[in-house]
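Asks: Below you will find the structure I want to go over with you.
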Amino acid sequence: MSAILDALREQQDIFVEAYRRNVDGARAVQRTLTEDILPGLVDELDLQEEDVTKARSWLDDLQSIYRVFRRHKFTVPFALEHARDTLLWRLAVVPSEIPKCDSPFLRCLPLDARDPFGRPVVVVKLAELLDFSGDVRKALIHYMELLRLNLKALNATACDDDSLPVLQYVVLVDLSDVSVKNPQSTDLISWHVLELVPRFPGMLGAMFVLNYSWAHAGVWSIVKRVLPKSVLSRVFFPTPEELVQVIPPSALPQEYGGSLAPLCQLENPLESFTARPPDPLPVSPPMSAPAQLSPNQTIVRVPSISPTSHLNPYFGYPVSGRDAMTPRLRHGRQRKRDLLRTLASLWWSRWKHRVYLLLCIAMAAVMVTSQRRRSRILRWKQAVRGLLLGKPSEPK
């Protein structure tokens, strides 16, 4: 039996046990988000009905809430903060309707193509991703949302409520025709791991890197420093023979030794969640003046993220989302004064109640001491007055 399959089975057993033990906690987090946090955001940001519907659509996805809960080791306060920040980010960045990508560098195999643990299979052509002519980061955000919607739909149509829902994917990363001299590859992978994956946590069950050669070893030695240990334990470099031992040939395209049709001929379930292309508009005469934005029309931007937020890629430093879909350092560099300000803020948020208590005790002590001193001065005044009048005062 394949050693890779044994490792995957062990990881899956741990994953299933953790889900069954903590799914009730995820439901409690979901209720808190829906009943307490979302109404607060509606009042704070004056959200429109469309935004509220969009937010509830994500909050109704129990599996997404569970993955956030699991990312923070089932700690409720951290999961609530992460979910709140993600909700704000989604309202600003993720569109209600996702357009179809002209160059599909990411494909999901048909729904009946699964690994031995029932997880859908996704194929990523890395060469097409790096040569993507449009905004590749925006396209990756759209694809991650489509993958989430696909899992949500799979679980909604499940017949058995007691069965384990589908929470993760198996990803095949094809390195064929990838240029090792592409400077964009390392930066893009770092952005994806550090900034995008926290918005869609826990969706990767296993990654199989295909067509890997010694020419890619230098790039991998750099990339693996960015990846956390939890991800590295799920990355494998199988040979074609090992791949068909882990994933049955009935769930693999012909390019990778399977019995399915070629990848370009297979149905992509993700396309069912994309928006229909708009109908062509009739040709109209040119306008005399270009259209202008209404004064009341606002431009959606990334909401501000606290320096201490778990979604801040530069923890402890202020970031700005202006004119960008992902946060950047507000001052262009990591300044020591900003870190000291954050540390002082954290210290004050933890010890402020004790500081207030100590100040109250000190003020009470000063008042008692002042009262005693005042009474002592008053007794001396009475004694002096008695001596001057020839009437010695009685000691008190």
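Just remember, in the structure tokens the first chain shown is A, the second B, etc., residues are 1-based per chain, and ligands are 1-based in the order shown.
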As a list in words, please: the residues near range 336-341 of chain A (cut-off 9 Å, only C-alpha atoms, same-chain neighbours under 6 positions excluded).

Replies: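 My reading of the contact set: Pro307, Phe315, Gly316, Tyr317 and Pro318 of chain A.
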
Asks: Please produce a file of those selected residues containing all heavy atoms, as a short mmCIF file (atom, residue, chain, number, x, y, z; two decimals), in the first residue's frame.

Replies:
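Final file, again29.cif:
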data_model
loop_
_atom_site.label_atom_id
_atom_site.label_comp_id
_atom_site.auth_asym_id
_atom_site.auth_seq_id
_atom_site.Cartn_x
_atom_site.Cartn_y
_atom_site.Cartn_z
N PRO A 307 -4.08 46.66 13.59
CA PRO A 307 -2.73 46.09 13.61
C PRO A 307 -2.64 44.77 14.35
O PRO A 307 -1.73 43.98 14.11
CB PRO A 307 -1.90 47.18 14.33
CG PRO A 307 -2.66 48.44 14.10
CD PRO A 307 -4.10 48.05 14.10
N PHE A 315 1.50 41.80 11.32
CA PHE A 315 0.93 41.91 12.67
C PHE A 315 1.73 42.91 13.50
O PHE A 315 2.96 42.84 13.59
CB PHE A 315 0.95 40.54 13.36
CG PHE A 315 0.22 40.52 14.67
CD1 PHE A 315 -1.14 40.32 14.71
CD2 PHE A 315 0.90 40.74 15.85
CE1 PHE A 315 -1.81 40.30 15.92
CE2 PHE A 315 0.25 40.73 17.05
CZ PHE A 315 -1.12 40.51 17.09
N GLY A 316 1.00 43.85 14.11
CA GLY A 316 1.63 44.85 14.96
C GLY A 316 1.87 46.17 14.26
O GLY A 316 2.18 47.17 14.93
N TYR A 317 1.72 46.20 12.93
CA TYR A 317 1.98 47.43 12.17
C TYR A 317 0.69 47.87 11.47
O TYR A 317 -0.11 47.03 11.02
CB TYR A 317 3.08 47.20 11.14
CG TYR A 317 4.41 46.84 11.75
CD1 TYR A 317 4.76 45.51 11.95
CD2 TYR A 317 5.32 47.82 12.15
CE1 TYR A 317 5.99 45.17 12.52
CE2 TYR A 317 6.54 47.49 12.71
CZ TYR A 317 6.87 46.16 12.90
OH TYR A 317 8.06 45.82 13.46
N PRO A 318 0.47 49.18 11.34
CA PRO A 318 -0.74 49.65 10.66
C PRO A 318 -0.68 49.36 9.17
O PRO A 318 0.39 49.47 8.54
CB PRO A 318 -0.74 51.16 10.94
CG PRO A 318 0.70 51.50 11.18
CD PRO A 318 1.31 50.28 11.84
#

Asks: Using DSSP on the backbone, list every residue of range 203-283 of chain A that comes out as strand (DSSP E or B), and give them as a list in words.

Replies: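 For range 203-283 of chain A, the strand (DSSP E or B) set is Leu204, Gly205, Ala206, Met207, Phe208, Val209, Leu210, Val235, Phe236 and Thr274 of chain A.
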
Asks: Those same residues, written as a PDB file, in the first residue's frame with N, CA and C atoms?

Replies:
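Final output, result.pdb:
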ATOM      1  N   LEU A 204      -7.814  22.983   1.762  1.00  0.00           N
ATOM      2  CA  LEU A 204      -6.832  22.101   1.133  1.00  0.00           C
ATOM      3  C   LEU A 204      -6.675  20.832   1.959  1.00  0.00           C
ATOM      4  N   GLY A 205      -7.077  19.697   1.380  1.00  0.00           N
ATOM      5  CA  GLY A 205      -6.879  18.423   2.054  1.00  0.00           C
ATOM      6  C   GLY A 205      -5.545  17.803   1.713  1.00  0.00           C
ATOM      7  N   ALA A 206      -5.128  17.914   0.460  1.00  0.00           N
ATOM      8  CA  ALA A 206      -3.838  17.382   0.021  1.00  0.00           C
ATOM      9  C   ALA A 206      -3.478  18.048  -1.296  1.00  0.00           C
ATOM     10  N   MET A 207      -2.179  18.189  -1.513  1.00  0.00           N
ATOM     11  CA  MET A 207      -1.680  18.780  -2.763  1.00  0.00           C
ATOM     12  C   MET A 207      -0.661  17.829  -3.362  1.00  0.00           C
ATOM     13  N   PHE A 208      -0.877  17.488  -4.628  1.00  0.00           N
ATOM     14  CA  PHE A 208       0.042  16.619  -5.354  1.00  0.00           C
ATOM     15  C   PHE A 208       0.705  17.445  -6.450  1.00  0.00           C
ATOM     16  N   VAL A 209       2.016  17.601  -6.357  1.00  0.00           N
ATOM     17  CA  VAL A 209       2.783  18.371  -7.326  1.00  0.00           C
ATOM     18  C   VAL A 209       3.232  17.424  -8.426  1.00  0.00           C
ATOM     19  N   LEU A 210       2.786  17.679  -9.651  1.00  0.00           N
ATOM     20  CA  LEU A 210       3.047  16.787 -10.775  1.00  0.00           C
ATOM     21  C   LEU A 210       4.061  17.408 -11.722  1.00  0.00           C
ATOM     22  N   VAL A 235       1.673  18.282   1.349  1.00  0.00           N
ATOM     23  CA  VAL A 235       2.231  18.440   0.002  1.00  0.00           C
ATOM     24  C   VAL A 235       3.039  17.192  -0.341  1.00  0.00           C
ATOM     25  N   PHE A 236       2.736  16.605  -1.490  1.00  0.00           N
ATOM     26  CA  PHE A 236       3.403  15.375  -1.917  1.00  0.00           C
ATOM     27  C   PHE A 236       3.889  15.538  -3.355  1.00  0.00           C
ATOM     28  N   THR A 274     -20.920  30.704 -11.947  1.00  0.00           N
ATOM     29  CA  THR A 274     -20.504  31.978 -12.526  1.00  0.00           C
ATOM     30  C   THR A 274     -21.709  32.686 -13.137  1.00  0.00           C
TER      31      THR A 274
END

Asks: Here is a test: counting only C-alpha atoms, which residue of A:Ser213, A:Asn150, A:Ser349, A:Ser176 is nearest to Glu128 in chain A?

Replies: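 Residue with the minimum atom-to-atom distance to Glu128 in chain A: A:Ser176.
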
Asks: Would you kindly return, as a PDB file with N, CA and C atoms, in the first residue's frame, each protein, DNA or RNA residue with an atom no farther than 9 Å from any atom of Thr86 in chain A, considering only C-alpha atoms and excluding same-chain residues fewer than 4 positions away?

Replies:
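The file below, part-v9.pdb, is the result:
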ATOM      1  N   GLU A  81     -13.382  37.037  15.932  1.00  0.00           N
ATOM      2  CA  GLU A  81     -12.678  38.189  15.354  1.00  0.00           C
ATOM      3  C   GLU A  81     -12.296  37.912  13.908  1.00  0.00           C
ATOM      4  N   HIS A  82     -11.792  36.696  13.652  1.00  0.00           N
ATOM      5  CA  HIS A  82     -11.407  36.320  12.285  1.00  0.00           C
ATOM      6  C   HIS A  82     -12.625  36.354  11.368  1.00  0.00           C
ATOM      7  N   ARG A  90     -15.110  40.400   2.680  1.00  0.00           N
ATOM      8  CA  ARG A  90     -15.960  39.846   1.636  1.00  0.00           C
ATOM      9  C   ARG A  90     -16.929  40.899   1.102  1.00  0.00           C
ATOM     10  N   LEU A  91     -17.482  41.708   1.986  1.00  0.00           N
ATOM     11  CA  LEU A  91     -18.406  42.748   1.542  1.00  0.00           C
ATOM     12  C   LEU A  91     -17.719  43.750   0.621  1.00  0.00           C
ATOM     13  N   PRO A 198      -5.990  32.795   4.470  1.00  0.00           N
ATOM     14  CA  PRO A 198      -6.739  33.080   5.704  1.00  0.00           C
ATOM     15  C   PRO A 198      -8.183  33.490   5.471  1.00  0.00           C
ATOM     16  N   ARG A 199      -8.527  33.974   4.285  1.00  0.00           N
ATOM     17  CA  ARG A 199      -9.924  34.308   3.991  1.00  0.00           C
ATOM     18  C   ARG A 199     -10.737  33.059   3.648  1.00  0.00           C
ATOM     19  N   PHE A 200     -10.055  32.023   3.181  1.00  0.00           N
ATOM     20  CA  PHE A 200     -10.706  30.752   2.834  1.00  0.00           C
ATOM     21  C   PHE A 200      -9.922  29.615   3.488  1.00  0.00           C
ATOM     22  N   LEU A 311      -5.921  38.739  10.572  1.00  0.00           N
ATOM     23  CA  LEU A 311      -5.858  38.834   9.124  1.00  0.00           C
ATOM     24  C   LEU A 311      -4.859  39.874   8.646  1.00  0.00           C
TER      25      LEU A 311
END

Asks: Using only C-alpha atoms, determine which residues lie at most 9 Å from Leu147 in chain A, disregarding the query and same-chain residues fewer than 2 positions distant; provide the list as a PDB file with all heavy atoms, in the first residue's frame.

Replies:
ATOM      1  N   CYS A 108     -12.117  22.242 -11.774  1.00  0.00           N
ATOM      2  CA  CYS A 108     -12.605  21.212 -10.862  1.00  0.00           C
ATOM      3  C   CYS A 108     -13.109  20.055 -11.720  1.00  0.00           C
ATOM      4  O   CYS A 108     -13.875  20.265 -12.671  1.00  0.00           O
ATOM      5  CB  CYS A 108     -13.719  21.756  -9.974  1.00  0.00           C
ATOM      6  SG  CYS A 108     -14.337  20.579  -8.748  1.00  0.00           S
ATOM      7  N   HIS A 142     -11.720  35.058  -7.085  1.00  0.00           N
ATOM      8  CA  HIS A 142     -12.962  34.538  -7.660  1.00  0.00           C
ATOM      9  C   HIS A 142     -12.978  33.017  -7.631  1.00  0.00           C
ATOM     10  O   HIS A 142     -14.010  32.405  -7.302  1.00  0.00           O
ATOM     11  CB  HIS A 142     -13.114  35.042  -9.092  1.00  0.00           C
ATOM     12  CG  HIS A 142     -13.375  36.509  -9.172  1.00  0.00           C
ATOM     13  ND1 HIS A 142     -13.459  37.202 -10.375  1.00  0.00           N
ATOM     14  CD2 HIS A 142     -13.580  37.443  -8.206  1.00  0.00           C
ATOM     15  CE1 HIS A 142     -13.700  38.476 -10.130  1.00  0.00           C
ATOM     16  NE2 HIS A 142     -13.774  38.644  -8.824  1.00  0.00           N
ATOM     17  N   TYR A 143     -11.848  32.392  -7.958  1.00  0.00           N
ATOM     18  CA  TYR A 143     -11.808  30.931  -7.968  1.00  0.00           C
ATOM     19  C   TYR A 143     -11.972  30.357  -6.560  1.00  0.00           C
ATOM     20  O   TYR A 143     -12.645  29.333  -6.370  1.00  0.00           O
ATOM     21  CB  TYR A 143     -10.498  30.441  -8.587  1.00  0.00           C
ATOM     22  CG  TYR A 143     -10.570  30.251 -10.080  1.00  0.00           C
ATOM     23  CD1 TYR A 143      -9.673  30.882 -10.937  1.00  0.00           C
ATOM     24  CD2 TYR A 143     -11.542  29.431 -10.644  1.00  0.00           C
ATOM     25  CE1 TYR A 143      -9.743  30.705 -12.315  1.00  0.00           C
ATOM     26  CE2 TYR A 143     -11.616  29.249 -12.016  1.00  0.00           C
ATOM     27  CZ  TYR A 143     -10.716  29.885 -12.842  1.00  0.00           C
ATOM     28  OH  TYR A 143     -10.803  29.713 -14.192  1.00  0.00           O
ATOM     29  N   MET A 144     -11.383  30.977  -5.575  1.00  0.00           N
ATOM     30  CA  MET A 144     -11.542  30.491  -4.204  1.00  0.00           C
ATOM     31  C   MET A 144     -12.998  30.585  -3.766  1.00  0.00           C
ATOM     32  O   MET A 144     -13.515  29.690  -3.083  1.00  0.00           O
ATOM     33  CB  MET A 144     -10.639  31.295  -3.260  1.00  0.00           C
ATOM     34  CG  MET A 144      -9.156  31.072  -3.474  1.00  0.00           C
ATOM     35  SD  MET A 144      -8.624  29.378  -3.145  1.00  0.00           S
ATOM     36  CE  MET A 144      -8.759  29.316  -1.359  1.00  0.00           C
ATOM     37  N   GLU A 145     -13.683  31.646  -4.154  1.00  0.00           N
ATOM     38  CA  GLU A 145     -15.103  31.769  -3.817  1.00  0.00           C
ATOM     39  C   GLU A 145     -15.928  30.720  -4.556  1.00  0.00           C
ATOM     40  O   GLU A 145     -16.862  30.143  -3.984  1.00  0.00           O
ATOM     41  CB  GLU A 145     -15.588  33.177  -4.157  1.00  0.00           C
ATOM     42  CG  GLU A 145     -17.076  33.395  -3.944  1.00  0.00           C
ATOM     43  CD  GLU A 145     -17.519  33.283  -2.500  1.00  0.00           C
ATOM     44  OE1 GLU A 145     -16.664  33.138  -1.606  1.00  0.00           O
ATOM     45  OE2 GLU A 145     -18.748  33.344  -2.268  1.00  0.00           O
ATOM     46  N   LEU A 149     -18.362  27.887  -2.894  1.00  0.00           N
ATOM     47  CA  LEU A 149     -19.753  27.700  -3.299  1.00  0.00           C
ATOM     48  C   LEU A 149     -20.001  26.263  -3.756  1.00  0.00           C
ATOM     49  O   LEU A 149     -21.079  25.695  -3.510  1.00  0.00           O
ATOM     50  CB  LEU A 149     -20.114  28.679  -4.411  1.00  0.00           C
ATOM     51  CG  LEU A 149     -20.171  30.165  -4.015  1.00  0.00           C
ATOM     52  CD1 LEU A 149     -20.373  31.029  -5.251  1.00  0.00           C
ATOM     53  CD2 LEU A 149     -21.270  30.409  -3.000  1.00  0.00           C
ATOM     54  N   ASN A 150     -19.024  25.666  -4.404  1.00  0.00           N
ATOM     55  CA  ASN A 150     -19.178  24.285  -4.863  1.00  0.00           C
ATOM     56  C   ASN A 150     -19.297  23.330  -3.673  1.00  0.00           C
ATOM     57  O   ASN A 150     -20.148  22.431  -3.669  1.00  0.00           O
ATOM     58  CB  ASN A 150     -17.989  23.902  -5.743  1.00  0.00           C
ATOM     59  CG  ASN A 150     -18.152  22.529  -6.368  1.00  0.00           C
ATOM     60  OD1 ASN A 150     -19.209  22.181  -6.880  1.00  0.00           O
ATOM     61  ND2 ASN A 150     -17.104  21.733  -6.313  1.00  0.00           N
ATOM     62  N   LEU A 151     -18.459  23.516  -2.640  1.00  0.00           N
ATOM     63  CA  LEU A 151     -18.561  22.676  -1.450  1.00  0.00           C
ATOM     64  C   LEU A 151     -19.894  22.892  -0.739  1.00  0.00           C
ATOM     65  O   LEU A 151     -20.520  21.928  -0.261  1.00  0.00           O
ATOM     66  CB  LEU A 151     -17.407  22.984  -0.485  1.00  0.00           C
ATOM     67  CG  LEU A 151     -16.013  22.529  -0.912  1.00  0.00           C
ATOM     68  CD1 LEU A 151     -14.994  22.881   0.173  1.00  0.00           C
ATOM     69  CD2 LEU A 151     -15.989  21.034  -1.194  1.00  0.00           C
ATOM     70  N   LYS A 152     -20.337  24.128  -0.671  1.00  0.00           N
ATOM     71  CA  LYS A 152     -21.618  24.416  -0.025  1.00  0.00           C
ATOM     72  C   LYS A 152     -22.760  23.717  -0.754  1.00  0.00           C
ATOM     73  O   LYS A 152     -23.676  23.160  -0.115  1.00  0.00           O
ATOM     74  CB  LYS A 152     -21.846  25.923   0.007  1.00  0.00           C
ATOM     75  CG  LYS A 152     -23.115  26.339   0.730  1.00  0.00           C
ATOM     76  CD  LYS A 152     -23.273  27.855   0.735  1.00  0.00           C
ATOM     77  CE  LYS A 152     -24.569  28.263   1.446  1.00  0.00           C
ATOM     78  NZ  LYS A 152     -24.748  29.738   1.448  1.00  0.00           N
ATOM     79  N   TYR A 169     -10.639  19.918  -0.573  1.00  0.00           N
ATOM     80  CA  TYR A 169     -10.325  19.468  -1.927  1.00  0.00           C
ATOM     81  C   TYR A 169      -8.969  18.763  -1.940  1.00  0.00           C
ATOM     82  O   TYR A 169      -8.129  18.976  -1.048  1.00  0.00           O
ATOM     83  CB  TYR A 169     -10.253  20.650  -2.899  1.00  0.00           C
ATOM     84  CG  TYR A 169     -11.578  21.284  -3.250  1.00  0.00           C
ATOM     85  CD1 TYR A 169     -12.040  22.398  -2.559  1.00  0.00           C
ATOM     86  CD2 TYR A 169     -12.353  20.790  -4.300  1.00  0.00           C
ATOM     87  CE1 TYR A 169     -13.240  22.995  -2.894  1.00  0.00           C
ATOM     88  CE2 TYR A 169     -13.560  21.386  -4.640  1.00  0.00           C
ATOM     89  CZ  TYR A 169     -13.996  22.481  -3.930  1.00  0.00           C
ATOM     90  OH  TYR A 169     -15.190  23.073  -4.255  1.00  0.00           O
ATOM     91  N   MET A 203      -9.394  24.631   3.230  1.00  0.00           N
ATOM     92  CA  MET A 203     -10.013  23.994   2.077  1.00  0.00           C
ATOM     93  C   MET A 203      -9.074  23.013   1.378  1.00  0.00           C
ATOM     94  O   MET A 203      -9.496  22.281   0.477  1.00  0.00           O
ATOM     95  CB  MET A 203     -10.496  25.054   1.075  1.00  0.00           C
ATOM     96  CG  MET A 203     -11.597  25.937   1.612  1.00  0.00           C
ATOM     97  SD  MET A 203     -12.117  27.241   0.465  1.00  0.00           S
ATOM     98  CE  MET A 203     -12.770  26.270  -0.880  1.00  0.00           C
ATOM     99  N   LEU A 270     -17.499  24.293 -11.518  1.00  0.00           N
ATOM    100  CA  LEU A 270     -17.416  25.673 -11.024  1.00  0.00           C
ATOM    101  C   LEU A 270     -18.140  26.651 -11.938  1.00  0.00           C
ATOM    102  O   LEU A 270     -18.581  27.714 -11.488  1.00  0.00           O
ATOM    103  CB  LEU A 270     -15.951  26.092 -10.863  1.00  0.00           C
ATOM    104  CG  LEU A 270     -15.089  25.240  -9.921  1.00  0.00           C
ATOM    105  CD1 LEU A 270     -13.688  25.822  -9.824  1.00  0.00           C
ATOM    106  CD2 LEU A 270     -15.718  25.132  -8.542  1.00  0.00           C
TER     107      LEU A 270
END

Asks: Here is a test: counting only C-alpha atoms, which residue of A:Leu188, A:Val223, A:Leu47, A:Ile65 is nearest to Val23 in chain A?

Replies: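 Smallest separation from Val23 in chain A among the options: A:Ile65.
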
Asks: Determine the nearest neighbour of Ala153 in chain A from the options A:Asp112, A:Glu195, A:Asp102, A:Asp61, counting only C-alpha atoms.

Replies: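 That would be A:Asp61, the residue with the smallest distance to Ala153 in chain A.
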
Asks: Rounded to one decimal place, report the CA of Ala127 in chain A-CA of Leu167 in chain A distance in Å.

Replies: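 So the answer is 27.3 Å.
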
Asks: Using only C-alpha atoms, pick whichever of A:Cys101, A:Val226, A:Val319, A:Val16 has the shortest atom-to-atom distance to Asn268 in chain A.

Replies: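 The shortest atom-to-atom distance to Asn268 in chain A comes from A:Cys101.
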
Asks: Return as number ranges by chain the full set of residues in range 67-286 of chain A whose backbone-based DSSP assignment is alpha helix (DSSP H).

Replies: A: 67-71, 76-93, 126-130, 136-156, 184-191, 217-226, 229-232, 240-246

Asks: Could you save the residues just selected, with C-alpha atoms, as an mmCIF file, in the first residue's frame?

Replies:
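Dumped everything to part-v1.cif:
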data_model
loop_
_atom_site.group_PDB
_atom_site.id
_atom_site.type_symbol
_atom_site.label_atom_id
_atom_site.label_comp_id
_atom_site.auth_asym_id
_atom_site.auth_seq_id
_atom_site.Cartn_x
_atom_site.Cartn_y
_atom_site.Cartn_z
ATOM 1 C CA ARG A 67 -12.974 25.944 9.001
ATOM 2 C CA VAL A 68 -12.437 29.377 10.573
ATOM 3 C CA PHE A 69 -13.080 27.835 14.012
ATOM 4 C CA ARG A 70 -10.573 25.061 13.289
ATOM 5 C CA ARG A 71 -7.914 27.486 12.039
ATOM 6 C CA VAL A 76 -14.104 31.131 20.215
ATOM 7 C CA PRO A 77 -12.866 34.771 20.641
ATOM 8 C CA PHE A 78 -10.199 34.397 17.968
ATOM 9 C CA ALA A 79 -12.634 32.684 15.591
ATOM 10 C CA LEU A 80 -15.225 35.450 16.082
ATOM 11 C CA GLU A 81 -12.678 38.189 15.354
ATOM 12 C CA HIS A 82 -11.407 36.320 12.285
ATOM 13 C CA ALA A 83 -14.938 35.768 10.991
ATOM 14 C CA ARG A 84 -15.861 39.425 11.521
ATOM 15 C CA ASP A 85 -12.793 40.647 9.618
ATOM 16 C CA THR A 86 -13.432 38.132 6.844
ATOM 17 C CA LEU A 87 -17.036 39.271 6.593
ATOM 18 C CA LEU A 88 -15.948 42.890 6.158
ATOM 19 C CA TRP A 89 -13.389 41.855 3.555
ATOM 20 C CA ARG A 90 -15.960 39.846 1.636
ATOM 21 C CA LEU A 91 -18.406 42.748 1.542
ATOM 22 C CA ALA A 92 -15.695 44.943 0.020
ATOM 23 C CA VAL A 93 -13.924 42.534 -2.337
ATOM 24 C CA LEU A 126 0.640 26.667 -12.940
ATOM 25 C CA ALA A 127 2.092 27.762 -16.284
ATOM 26 C CA GLU A 128 -1.298 29.159 -17.380
ATOM 27 C CA LEU A 129 -1.736 30.859 -14.021
ATOM 28 C CA LEU A 130 1.626 32.635 -14.225
ATOM 29 C CA VAL A 136 -4.353 37.148 -11.548
ATOM 30 C CA ARG A 137 -4.981 38.007 -7.896
ATOM 31 C CA LYS A 138 -8.528 39.023 -8.599
ATOM 32 C CA ALA A 139 -9.023 35.816 -10.586
ATOM 33 C CA LEU A 140 -7.680 33.735 -7.681
ATOM 34 C CA ILE A 141 -10.114 35.426 -5.291
ATOM 35 C CA HIS A 142 -12.962 34.538 -7.660
ATOM 36 C CA TYR A 143 -11.808 30.931 -7.968
ATOM 37 C CA MET A 144 -11.542 30.491 -4.204
ATOM 38 C CA GLU A 145 -15.103 31.769 -3.817
ATOM 39 C CA LEU A 146 -16.292 29.396 -6.550
ATOM 40 C CA LEU A 147 -14.629 26.490 -4.754
ATOM 41 C CA ARG A 148 -16.397 27.473 -1.535
ATOM 42 C CA LEU A 149 -19.753 27.700 -3.299
ATOM 43 C CA ASN A 150 -19.178 24.285 -4.863
ATOM 44 C CA LEU A 151 -18.561 22.676 -1.450
ATOM 45 C CA LYS A 152 -21.618 24.416 -0.025
ATOM 46 C CA ALA A 153 -23.773 23.065 -2.862
ATOM 47 C CA LEU A 154 -22.389 19.546 -2.442
ATOM 48 C CA ASN A 155 -23.242 19.536 1.252
ATOM 49 C CA ALA A 156 -26.691 21.052 0.650
ATOM 50 C CA GLN A 184 6.151 36.490 -10.259
ATOM 51 C CA SER A 185 5.857 32.916 -9.007
ATOM 52 C CA THR A 186 7.362 33.367 -5.534
ATOM 53 C CA ASP A 187 5.563 36.655 -4.834
ATOM 54 C CA LEU A 188 2.246 35.253 -5.999
ATOM 55 C CA ILE A 189 2.551 32.118 -3.875
ATOM 56 C CA SER A 190 3.515 34.205 -0.833
ATOM 57 C CA TRP A 191 0.486 36.474 -1.376
ATOM 58 C CA ALA A 217 14.081 22.466 -6.712
ATOM 59 C CA GLY A 218 15.458 25.987 -6.219
ATOM 60 C CA VAL A 219 12.019 27.580 -6.351
ATOM 61 C CA TRP A 220 10.579 24.961 -3.989
ATOM 62 C CA SER A 221 13.356 25.568 -1.451
ATOM 63 C CA ILE A 222 12.192 29.207 -1.287
ATOM 64 C CA VAL A 223 8.465 28.515 -1.349
ATOM 65 C CA LYS A 224 8.532 25.950 1.453
ATOM 66 C CA ARG A 225 9.906 28.587 3.829
ATOM 67 C CA VAL A 226 6.669 30.527 3.391
ATOM 68 C CA LYS A 229 4.128 23.117 8.711
ATOM 69 C CA SER A 230 0.452 22.172 8.573
ATOM 70 C CA VAL A 231 0.503 22.770 4.804
ATOM 71 C CA LEU A 232 3.888 21.165 4.192
ATOM 72 C CA PRO A 240 2.735 8.825 -12.114
ATOM 73 C CA GLU A 241 2.595 5.301 -10.697
ATOM 74 C CA GLU A 242 2.123 6.563 -7.118
ATOM 75 C CA LEU A 243 -0.581 9.018 -8.195
ATOM 76 C CA VAL A 244 -2.884 6.295 -9.565
ATOM 77 C CA GLN A 245 -2.363 4.344 -6.330
ATOM 78 C CA VAL A 246 -3.684 7.272 -4.302
#

Asks: Using only C-alpha atoms, can you tell me which of A:Phe74, A:Phe105, A:Trp58, A:Tyr212 comes closest to Leu33 in chain A?

Replies: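 Of A:Phe74, A:Phe105, A:Trp58, A:Tyr212, the one nearest Leu33 in chain A is A:Trp58, counting only C-alpha atoms.
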
Asks: By how many Å are CA of Ile98 in chain A and CA of Ala275 in chain A apart?

Replies: 5.5 Å

Asks: Choose the residue, out of A:His192, A:Lys100, A:Arg114, A:Lys381, that has the smallest atom-to-atom separation from Glu271 in chain A; count only C-alpha atoms.

Replies: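 Of A:His192, A:Lys100, A:Arg114, A:Lys381, the one nearest Glu271 in chain A, counting only C-alpha atoms, is A:Lys100.
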
Asks: Can you work out the spacing between CA of Ala261 in chain A and CA of Gly118 in chain A in Å, to one decimal?

Replies: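 Interatomic distance here is 20.3 Å.
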
Asks: If we count only C-alpha atoms, what is near Leu260 in chain A at a cut-off of 10 Å, once residues fewer than 6 positions away on the same chain are taken out, given as a ChimeraX atom specification?

Replies: /A:109-110,113,249-254,266
